[in-house]
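**Q** Quick one: the structure is below, and I'll ask about it shortly.
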Amino acid sequence: MSFQDWLKDDSKIVLFDGAMGTELIKRELEPGKVSDLLNIEQPDIISEIHKSYYDAGSDMCQTNTFGSTPMNLKRHNLEDRIEEIIENALKIIKKVRPSGCLIVGDIGPTGEFRPPVGNASSDQWYSSFSNQAKLLEKGVDLWHVETISDLEEMLAAIKAVRDVSQKPLISSITYKKTKRGFFTIMGDSLEKCIEALNNEKIDVIGANCTLGSKDMLELLKTAKNFTDKPISVKPNAGQPVVKGDKTYYKQPVEDFVNDIREMIEFGAKIVGGCCGTSPKTIKEIRKIIDSI
Amino acid sequence: MSIEEFYKEISTAIVNLDEEKAVEYANKAIKDNMRLLDVVEKGFAAGIRKVGELWEEGEFFLPELMRGAQIMQKCLDLLIPHLQSASEKISRSTVVIATIEGDIHSIGKTIVATMLRAYGYEVYDLGADVPVEKIIEEAIERKADIIGVSALLTTTMTGQKKVIELLKEKNLANKFKVILGGAPVTNTWVEECNADGFADNAIDAVRLVKSLLDK
């Protein structure tokens with residue numbers, strides 16, 4: 001089955017993976033290290049995490065390439081290693097991907113803002129995303145551009161991906177909840193973002209990160225009013241709490257999973273988790289999907 | 001135009017993010033030999049406070065907040081030399097701010113630095129990925145009142161605690177107030193670190209700095 005078949009099959013709820021960063025922290029990732037570099041330095045850890053999500057029931061998992069744009073790698077003086085990082089990312093996930101499951105090419109934000117917040121331009125974003133997409137294209141089944149908090153940056157990423165690939169694309173923006181509704185930190189409303197995305201060559205409209213499961217449920221209900229495209233949701237498991245040198249996410253898995261159940265009832269096509277979620281979360285969501 | 005109306009005009013120019021008008025008013029205030037401290041407090045500062053309120057209410061977003069702070073800073077840069085020459089000395093407390101070693105997330109810290117400058121504080125922004133020792137050295141060198149340490153990653157937050165521990169080791173704990181920032185920072189973490197406070201956002205940071213210095 002291809003991703004497009006899943007989209008056409010009304011009875012299919014697609015299960016995405018959960019957090020990568022949270023799993024790395026559990027394994028005592030060195031502070032500040034670019035996690036994409038682990039594709040080279042500790043591929044076994046990345047492979048183990050992908051495998052744990054596929055084993056938990058994910059239909060698709062994303063490559064460990066969230067930060068692998070030249071713009072982002074440059075801040076760590078790693079831009080020369082982009083090819084090696086992405087090549088390894090593809091090898092690692094391919095090895096553990098079970099038959100019938102898919103590989104998603106993960107593209108995160110460049111970390112550079114446009115004026116007046118930063119100095120980035122749409123052309124710089126485009127060229128950075130384009131480099132990443134060209135290197136990923138051969139090894140992925142579909143794309144996830146995610147955790148983007150500026151509609152303009154998202155549009156630059158979509159154009160970059162579309163110029164090198166016609167594979168399905170999920171476009172996930174990160175919103176915060178304000179008194180006036182859901183907005184990106186740059187001031188684009190949920191409605192404005194969805195209307196812009198409706199006109200783009202993308203297959204799924206998504207939201208991920210920042211919002212916990214309760215707020216994401218509310219966002220989904222609103223988003224349904226603005227689009228006929230399938231919707232993907234990857235909320236956080238509440239907010240992190242640090243005690244000593246350890247980080248915890250306090251929200252009980254049952255609460256998160258119950259909200260995901262409601263999101264499915266309200267029409268979410270793709271569900272998964274962002275920060276704070278784990279293979280355990282995914283396993284519980286799998287049970288719900290299988291019982292529907 | 002009465003003086004009160006003039007202050008209102010200045011504040012409106014800041015809220016409307018009208019750089020040209022704001023600069024024009026700053027220059028007029030200097031040229032007309034006005035009481036510049038009042039011009040800053042009742043005009044410009046009132047404007048930037050309103051920008052902050054609008055941001056907190058979800059009416060303004062990052063671009064408006066940053067633009068407002070940048071315009072404010074530009075006007076303060078014009079006004080401050082004249083304030084001092086008119087012996088209307090403004091008390092400028094000093095803040096040294098940095099994102100901790102291992103963490104390259106600078107945007108939140110930069111926004112806080114910009115807002116603090118807009119409120120008239122002397123701010124030394126050391127950038128991102130700054131070692132604990134360097135932060136303390138700079139704080140001593142700049143005679144800082146406040147040290148601000150930002151961390152976006154739960155893995156680098158421990159560096160915030162190290163700043164306070166090293167200050168204690170060097171018997172400097174009473175010399176500076178240390179405040180924390182960054183998405184994962186909570187009250188519990190502040191207590192655990194024995195820090196002087198944390199701010200959720202740039203406007204909170206200004207409030208926090210002000211309240212610590214008023215103590």
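All residue names refer to the structure tokens as shown: chains lettered A, B, ... in order, residues numbered from 1 in each chain, ligands numbered from 1 in order.
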Set the distance at 8 Å and use only C-alpha atoms: which residues neighbour Pro240 of chain A once local chain neighbours fewer than 4 positions away are removed? I'd like the list as a list of chain:residue names.

**A**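 In the requested form, the answer reads A:Thr247, A:Tyr248, A:Tyr249, A:Lys250, A:Gly276, B:Pro184.
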
**Q** For the selection just defined, write its residues with C-alpha atoms to a file, as a PDB file, in the first residue's frame.

**A**
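To be explicit, this is the file written out as again-v3.pdb:
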ATOM      1  CA  THR A 247      13.314  15.664  32.337  1.00  0.00           C
ATOM      2  CA  TYR A 248       9.812  14.323  32.862  1.00  0.00           C
ATOM      3  CA  TYR A 249       6.525  14.793  31.065  1.00  0.00           C
ATOM      4  CA  LYS A 250       3.821  14.696  33.668  1.00  0.00           C
ATOM      5  CA  GLY A 276       7.311  13.912  25.483  1.00  0.00           C
TER       6      GLY A 276
ATOM      7  CA  PRO B 184      11.689  24.372  29.675  1.00  0.00           C
TER       8      PRO B 184
END

**Q** When you look at segment 282-290 of chain A with a cut-off of 12 Å (counting only C-alpha atoms), what residues show up, excluding the ones that are within fewer than 5 positions of it in the same chain? I need them as an MDAnalysis selection string.

**A** chainID A and resid 11:19 52:61 234 237 252:265 268:274 276:277

**Q** Please produce a file of the residues just selected, as a short mmCIF file (atom, residue, chain, number, x, y, z; two decimals), in the first residue's frame, where the atoms kept are N, CA and C atoms.

**A**
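Saved the output as part_20.cif:
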data_model
loop_
_atom_site.label_atom_id
_atom_site.label_comp_id
_atom_site.auth_asym_id
_atom_site.auth_seq_id
_atom_site.Cartn_x
_atom_site.Cartn_y
_atom_site.Cartn_z
N SER A 11 -11.36 4.19 5.87
CA SER A 11 -11.31 3.48 7.15
C SER A 11 -9.91 3.48 7.75
N LYS A 12 -8.93 3.95 6.97
CA LYS A 12 -7.54 3.90 7.46
C LYS A 12 -7.17 5.14 8.27
N ILE A 13 -6.77 4.92 9.51
CA ILE A 13 -6.16 6.00 10.30
C ILE A 13 -4.66 5.71 10.30
N VAL A 14 -3.89 6.67 9.86
CA VAL A 14 -2.45 6.45 9.74
C VAL A 14 -1.77 6.80 11.07
N LEU A 15 -0.97 5.86 11.57
CA LEU A 15 -0.27 6.11 12.84
C LEU A 15 1.18 6.53 12.56
N PHE A 16 1.49 7.75 12.96
CA PHE A 16 2.83 8.32 12.79
C PHE A 16 3.67 7.88 13.99
N ASP A 17 4.91 8.36 14.07
CA ASP A 17 5.74 7.99 15.23
C ASP A 17 5.60 9.04 16.34
N GLY A 18 6.39 8.89 17.40
CA GLY A 18 6.40 9.86 18.51
C GLY A 18 7.72 10.61 18.49
N ALA A 19 8.10 11.14 19.66
CA ALA A 19 9.27 12.01 19.73
C ALA A 19 10.58 11.28 19.51
N SER A 52 11.85 0.93 17.64
CA SER A 52 10.88 0.86 18.74
C SER A 52 9.54 1.48 18.34
N TYR A 53 9.58 2.49 17.47
CA TYR A 53 8.31 3.07 17.01
C TYR A 53 7.61 2.16 16.00
N TYR A 54 8.38 1.61 15.06
CA TYR A 54 7.75 0.67 14.12
C TYR A 54 7.17 -0.53 14.89
N ASP A 55 7.93 -1.04 15.86
CA ASP A 55 7.46 -2.19 16.66
C ASP A 55 6.20 -1.83 17.45
N ALA A 56 6.13 -0.56 17.89
CA ALA A 56 4.96 -0.14 18.68
C ALA A 56 3.71 0.01 17.81
N GLY A 57 3.91 -0.01 16.49
CA GLY A 57 2.74 0.03 15.61
C GLY A 57 2.65 1.22 14.68
N SER A 58 3.72 2.03 14.61
CA SER A 58 3.70 3.17 13.68
C SER A 58 3.63 2.66 12.24
N ASP A 59 2.75 3.27 11.45
CA ASP A 59 2.70 2.94 10.01
C ASP A 59 3.86 3.59 9.29
N MET A 60 4.34 4.67 9.85
CA MET A 60 5.43 5.39 9.20
C MET A 60 6.24 6.15 10.25
N CYS A 61 7.56 6.22 10.02
CA CYS A 61 8.44 6.94 10.93
C CYS A 61 9.28 7.91 10.11
N LYS A 234 0.21 16.02 15.69
CA LYS A 234 1.29 15.48 16.53
C LYS A 234 1.47 16.42 17.72
N ALA A 237 3.19 15.93 24.78
CA ALA A 237 2.59 15.29 25.96
C ALA A 237 2.69 16.25 27.14
N PRO A 252 -0.26 11.92 32.05
CA PRO A 252 -0.36 10.47 31.94
C PRO A 252 -0.66 10.04 30.50
N VAL A 253 -0.08 8.92 30.09
CA VAL A 253 -0.26 8.43 28.72
C VAL A 253 -1.76 8.26 28.40
N GLU A 254 -2.54 7.79 29.39
CA GLU A 254 -3.98 7.55 29.15
C GLU A 254 -4.69 8.83 28.73
N ASP A 255 -4.33 9.95 29.39
CA ASP A 255 -4.99 11.22 29.06
C ASP A 255 -4.67 11.63 27.63
N PHE A 256 -3.39 11.51 27.29
CA PHE A 256 -2.95 11.88 25.93
C PHE A 256 -3.70 11.03 24.90
N VAL A 257 -3.71 9.73 25.17
CA VAL A 257 -4.29 8.79 24.22
C VAL A 257 -5.80 9.00 24.09
N ASN A 258 -6.46 9.34 25.19
CA ASN A 258 -7.89 9.63 25.12
C ASN A 258 -8.18 10.83 24.24
N ASP A 259 -7.30 11.84 24.34
CA ASP A 259 -7.47 13.01 23.46
C ASP A 259 -7.25 12.62 22.00
N ILE A 260 -6.28 11.75 21.77
CA ILE A 260 -6.03 11.30 20.39
C ILE A 260 -7.27 10.55 19.86
N ARG A 261 -7.87 9.76 20.74
CA ARG A 261 -9.10 9.04 20.32
C ARG A 261 -10.15 10.05 19.85
N GLU A 262 -10.30 11.14 20.62
CA GLU A 262 -11.29 12.16 20.23
C GLU A 262 -10.90 12.83 18.92
N MET A 263 -9.57 13.04 18.74
CA MET A 263 -9.12 13.67 17.49
C MET A 263 -9.48 12.78 16.31
N ILE A 264 -9.35 11.48 16.50
CA ILE A 264 -9.72 10.56 15.41
C ILE A 264 -11.22 10.66 15.15
N GLU A 265 -12.00 10.71 16.23
CA GLU A 265 -13.46 10.83 16.07
C GLU A 265 -13.83 12.12 15.35
N ALA A 268 -9.32 13.41 12.43
CA ALA A 268 -7.87 13.41 12.14
C ALA A 268 -7.54 12.15 11.33
N LYS A 269 -6.78 12.34 10.27
CA LYS A 269 -6.43 11.20 9.40
C LYS A 269 -5.11 10.58 9.84
N ILE A 270 -4.20 11.43 10.29
CA ILE A 270 -2.88 10.96 10.72
C ILE A 270 -2.68 11.41 12.17
N VAL A 271 -2.31 10.49 13.04
CA VAL A 271 -2.07 10.85 14.43
C VAL A 271 -0.71 10.34 14.88
N GLY A 272 -0.10 11.08 15.78
CA GLY A 272 1.20 10.67 16.33
C GLY A 272 1.50 11.58 17.50
N GLY A 273 2.76 11.66 17.88
CA GLY A 273 3.09 12.51 19.02
C GLY A 273 4.35 13.30 18.75
N CYS A 274 4.46 14.43 19.49
CA CYS A 274 5.69 15.21 19.41
C CYS A 274 6.39 15.11 20.77
N GLY A 276 7.83 14.57 24.29
CA GLY A 276 7.31 13.91 25.48
C GLY A 276 6.60 12.60 25.21
N THR A 277 6.32 12.31 23.94
CA THR A 277 5.68 11.03 23.64
C THR A 277 6.76 9.97 23.40
#

**Q** Quick one: which residues from chain B are at most 9 Å off chain A, using only C-alpha atoms, as a ChimeraX atom specification?

**A** /B:56-67,70,101-105,107,110-111,129,153-158,184-186,188-189,192

**Q** For the residues selected in the previous step, produce a file with C-alpha atoms as a short mmCIF file (atom, residue, chain, number, x, y, z; two decimals), in the first residue's frame.

**A**
data_model
loop_
_atom_site.label_atom_id
_atom_site.label_comp_id
_atom_site.auth_asym_id
_atom_site.auth_seq_id
_atom_site.Cartn_x
_atom_site.Cartn_y
_atom_site.Cartn_z
CA GLU B 56 0.58 39.54 25.78
CA GLU B 57 -3.03 39.88 24.66
CA GLY B 58 -2.27 38.15 21.36
CA GLU B 59 -2.94 41.29 19.30
CA PHE B 60 0.74 41.73 18.42
CA PHE B 61 3.21 38.98 17.52
CA LEU B 62 6.98 38.63 17.37
CA PRO B 63 7.52 40.93 14.36
CA GLU B 64 5.57 43.80 15.98
CA LEU B 65 7.24 43.26 19.36
CA MET B 66 10.72 43.31 17.83
CA ARG B 67 9.99 46.26 15.56
CA GLN B 70 14.00 48.40 17.78
CA GLU B 101 27.15 26.61 26.54
CA GLY B 102 26.05 23.81 24.23
CA ASP B 103 22.85 25.60 23.27
CA ILE B 104 22.72 27.59 20.06
CA HIS B 105 19.13 28.87 20.46
CA ILE B 107 16.21 34.06 19.36
CA THR B 110 17.88 38.24 21.67
CA ILE B 111 14.26 39.31 22.07
CA ASP B 129 26.79 28.77 23.32
CA LEU B 153 17.04 22.50 25.73
CA THR B 154 16.28 20.37 28.73
CA THR B 155 19.75 18.93 28.18
CA THR B 156 21.53 22.28 28.48
CA MET B 157 19.46 23.68 31.36
CA THR B 158 21.91 22.19 33.82
CA PRO B 184 11.69 24.37 29.67
CA VAL B 185 12.39 26.64 32.70
CA THR B 186 9.82 26.45 35.49
CA THR B 188 10.58 24.34 40.38
CA TRP B 189 13.76 24.60 38.36
CA GLU B 192 16.32 23.93 42.53
#

**Q** Compare A:Tyr175, A:Trp6, A:Trp143, A:Phe226 by their minimum atom-to-atom distance to Asn198 of chain A, counting only C-alpha atoms, and give me the closest one.

**A**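 The shortest atom-to-atom distance to Asn198 of chain A comes from A:Phe226.
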
**Q** Determine which residues of segment 58-166 of chain A DSSP labels as strand (DSSP E or B) from the backbone of this structure, then write them out as a PyMOL selection string.

**A** chain A and resi 60-62+102-107+142-148

**Q** Keeping N, CA and C atoms for every residue in the selection just given, could you write it to a file as an mmCIF file, in the first residue's frame?

**A**
data_model
loop_
_atom_site.group_PDB
_atom_site.id
_atom_site.type_symbol
_atom_site.label_atom_id
_atom_site.label_comp_id
_atom_site.auth_asym_id
_atom_site.auth_seq_id
_atom_site.Cartn_x
_atom_site.Cartn_y
_atom_site.Cartn_z
ATOM 1 N N MET A 60 4.337 4.674 9.854
ATOM 2 C CA MET A 60 5.434 5.392 9.203
ATOM 3 C C MET A 60 6.239 6.145 10.254
ATOM 4 N N CYS A 61 7.555 6.216 10.023
ATOM 5 C CA CYS A 61 8.444 6.940 10.932
ATOM 6 C C CYS A 61 9.276 7.906 10.109
ATOM 7 N N GLN A 62 9.721 8.975 10.781
ATOM 8 C CA GLN A 62 10.478 9.970 10.018
ATOM 9 C C GLN A 62 11.978 9.892 10.271
ATOM 10 N N LEU A 102 6.123 2.863 5.980
ATOM 11 C CA LEU A 102 6.744 3.887 5.131
ATOM 12 C C LEU A 102 7.822 4.691 5.859
ATOM 13 N N ILE A 103 8.668 5.326 5.029
ATOM 14 C CA ILE A 103 9.721 6.216 5.541
ATOM 15 C C ILE A 103 9.363 7.653 5.153
ATOM 16 N N VAL A 104 9.345 8.510 6.169
ATOM 17 C CA VAL A 104 8.982 9.909 5.942
ATOM 18 C C VAL A 104 10.242 10.773 6.032
ATOM 19 N N GLY A 105 10.460 11.599 5.032
ATOM 20 C CA GLY A 105 11.607 12.506 5.057
ATOM 21 C C GLY A 105 11.286 13.705 5.942
ATOM 22 N N ASP A 106 12.020 13.843 7.033
ATOM 23 C CA ASP A 106 11.699 14.897 8.002
ATOM 24 C C ASP A 106 12.478 16.180 7.722
ATOM 25 N N ILE A 107 11.739 17.263 7.615
ATOM 26 C CA ILE A 107 12.346 18.580 7.405
ATOM 27 C C ILE A 107 11.837 19.529 8.492
ATOM 28 N N LEU A 142 7.565 9.694 1.485
ATOM 29 C CA LEU A 142 6.798 10.938 1.546
ATOM 30 C C LEU A 142 7.559 11.924 2.429
ATOM 31 N N TRP A 143 6.984 13.132 2.557
ATOM 32 C CA TRP A 143 7.659 14.216 3.277
ATOM 33 C C TRP A 143 6.844 14.713 4.451
ATOM 34 N N HIS A 144 7.567 15.166 5.478
ATOM 35 C CA HIS A 144 6.913 15.907 6.555
ATOM 36 C C HIS A 144 7.729 17.168 6.828
ATOM 37 N N VAL A 145 7.171 18.313 6.426
ATOM 38 C CA VAL A 145 7.788 19.586 6.800
ATOM 39 C C VAL A 145 7.084 19.998 8.097
ATOM 40 N N GLU A 146 7.853 20.156 9.173
ATOM 41 C CA GLU A 146 7.193 20.276 10.481
ATOM 42 C C GLU A 146 7.823 21.323 11.408
ATOM 43 N N THR A 147 7.058 21.618 12.456
ATOM 44 C CA THR A 147 7.506 22.538 13.515
ATOM 45 C C THR A 147 7.897 23.907 12.950
ATOM 46 N N ILE A 148 7.210 24.318 11.899
ATOM 47 C CA ILE A 148 7.509 25.608 11.279
ATOM 48 C C ILE A 148 6.575 26.653 11.897
#

**Q** If I take atom CA of Gly197 of chain B and atom CA of Asn236 of chain A, how far is one from the other in Å, to one decimal?

**A**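 So the two atoms, atom CA of Gly197 of chain B and atom CA of Asn236 of chain A, lie 25.8 Å apart.
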
**Q** Once DSSP has gone over the backbone, tell me which residues of segment 51-245 of chain A are in alpha helix (DSSP H), as an NGL selection string.

**A** :A and (51-56 or 70-75 or 82-96 or 122-136 or 151-162 or 190-198 or 213-223)

**Q** How many Å lie between atom CA of Val39 of chain B and atom CA of Gly108 of chain B, rounded to one decimal?

**A**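 Between these atoms lies a distance of 29.1 Å.
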
**Q** Tell me, as a list of chain:residue names, which residues lie within 7 Å of segment 124-129 of chain A, counting only C-alpha atoms; anything in the same chain fewer than 3 positions away does not count.

**A**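 In the requested format, the answer is A:Thr69, A:Pro70, A:Met71, A:Ala120, A:Ser121, A:Gln132, A:Ala133, A:Glu153, A:Ala156, A:Ala157, A:Ala160.
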
**Q** Okay, now the selection with N, CA and C atoms, as an mmCIF file, in the first residue's frame?

**A**
data_model
loop_
_atom_site.group_PDB
_atom_site.id
_atom_site.type_symbol
_atom_site.label_atom_id
_atom_site.label_comp_id
_atom_site.auth_asym_id
_atom_site.auth_seq_id
_atom_site.Cartn_x
_atom_site.Cartn_y
_atom_site.Cartn_z
ATOM 1 N N THR A 69 19.310 21.035 7.724
ATOM 2 C CA THR A 69 19.363 22.016 6.641
ATOM 3 C C THR A 69 20.715 22.705 6.752
ATOM 4 N N PRO A 70 21.273 23.157 5.625
ATOM 5 C CA PRO A 70 22.560 23.849 5.707
ATOM 6 C C PRO A 70 22.515 25.026 6.681
ATOM 7 N N MET A 71 21.407 25.768 6.704
ATOM 8 C CA MET A 71 21.324 26.939 7.594
ATOM 9 C C MET A 71 21.465 26.541 9.057
ATOM 10 N N ALA A 120 16.791 36.320 7.894
ATOM 11 C CA ALA A 120 16.645 35.348 6.802
ATOM 12 C C ALA A 120 15.706 35.861 5.720
ATOM 13 N N SER A 121 15.947 35.416 4.491
ATOM 14 C CA SER A 121 15.051 35.756 3.382
ATOM 15 C C SER A 121 14.434 34.469 2.840
ATOM 16 N N GLN A 132 18.544 20.123 1.370
ATOM 17 C CA GLN A 132 18.160 18.987 2.212
ATOM 18 C C GLN A 132 17.266 18.016 1.434
ATOM 19 N N ALA A 133 16.269 18.575 0.731
ATOM 20 C CA ALA A 133 15.307 17.721 0.019
ATOM 21 C C ALA A 133 15.984 16.907 -1.079
ATOM 22 N N GLU A 153 8.054 30.778 5.831
ATOM 23 C CA GLU A 153 9.104 29.755 5.816
ATOM 24 C C GLU A 153 8.519 28.435 5.315
ATOM 25 N N ALA A 156 8.211 28.519 1.580
ATOM 26 C CA ALA A 156 9.536 28.345 0.954
ATOM 27 C C ALA A 156 9.921 26.863 0.976
ATOM 28 N N ALA A 157 9.614 26.180 2.068
ATOM 29 C CA ALA A 157 9.960 24.754 2.185
ATOM 30 C C ALA A 157 9.148 23.921 1.197
ATOM 31 N N ALA A 160 10.492 24.336 -2.240
ATOM 32 C CA ALA A 160 11.773 23.630 -2.375
ATOM 33 C C ALA A 160 11.546 22.127 -2.551
#

**Q** Which one is closest to Tyr121 of chain B: B:Ala22, B:Ile10, B:Ala98, B:Ala205? Count only C-alpha atoms.

**A**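 Closest candidate: B:Ala205.
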
**Q** Quick check, in Å to one decimal: how far apart do atom CA of Glu200 of chain A and atom CA of Val161 of chain A lie?

**A**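 Computed distance, atom CA of Glu200 of chain A to atom CA of Val161 of chain A, equals 11.7 Å.
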
**Q** Find the residues around Val149 of chain B up to 12 Å (only C-alpha atoms counted), leave out those fewer than 2 positions away in its own chain, and share them as a count of residues only.

**A** 55
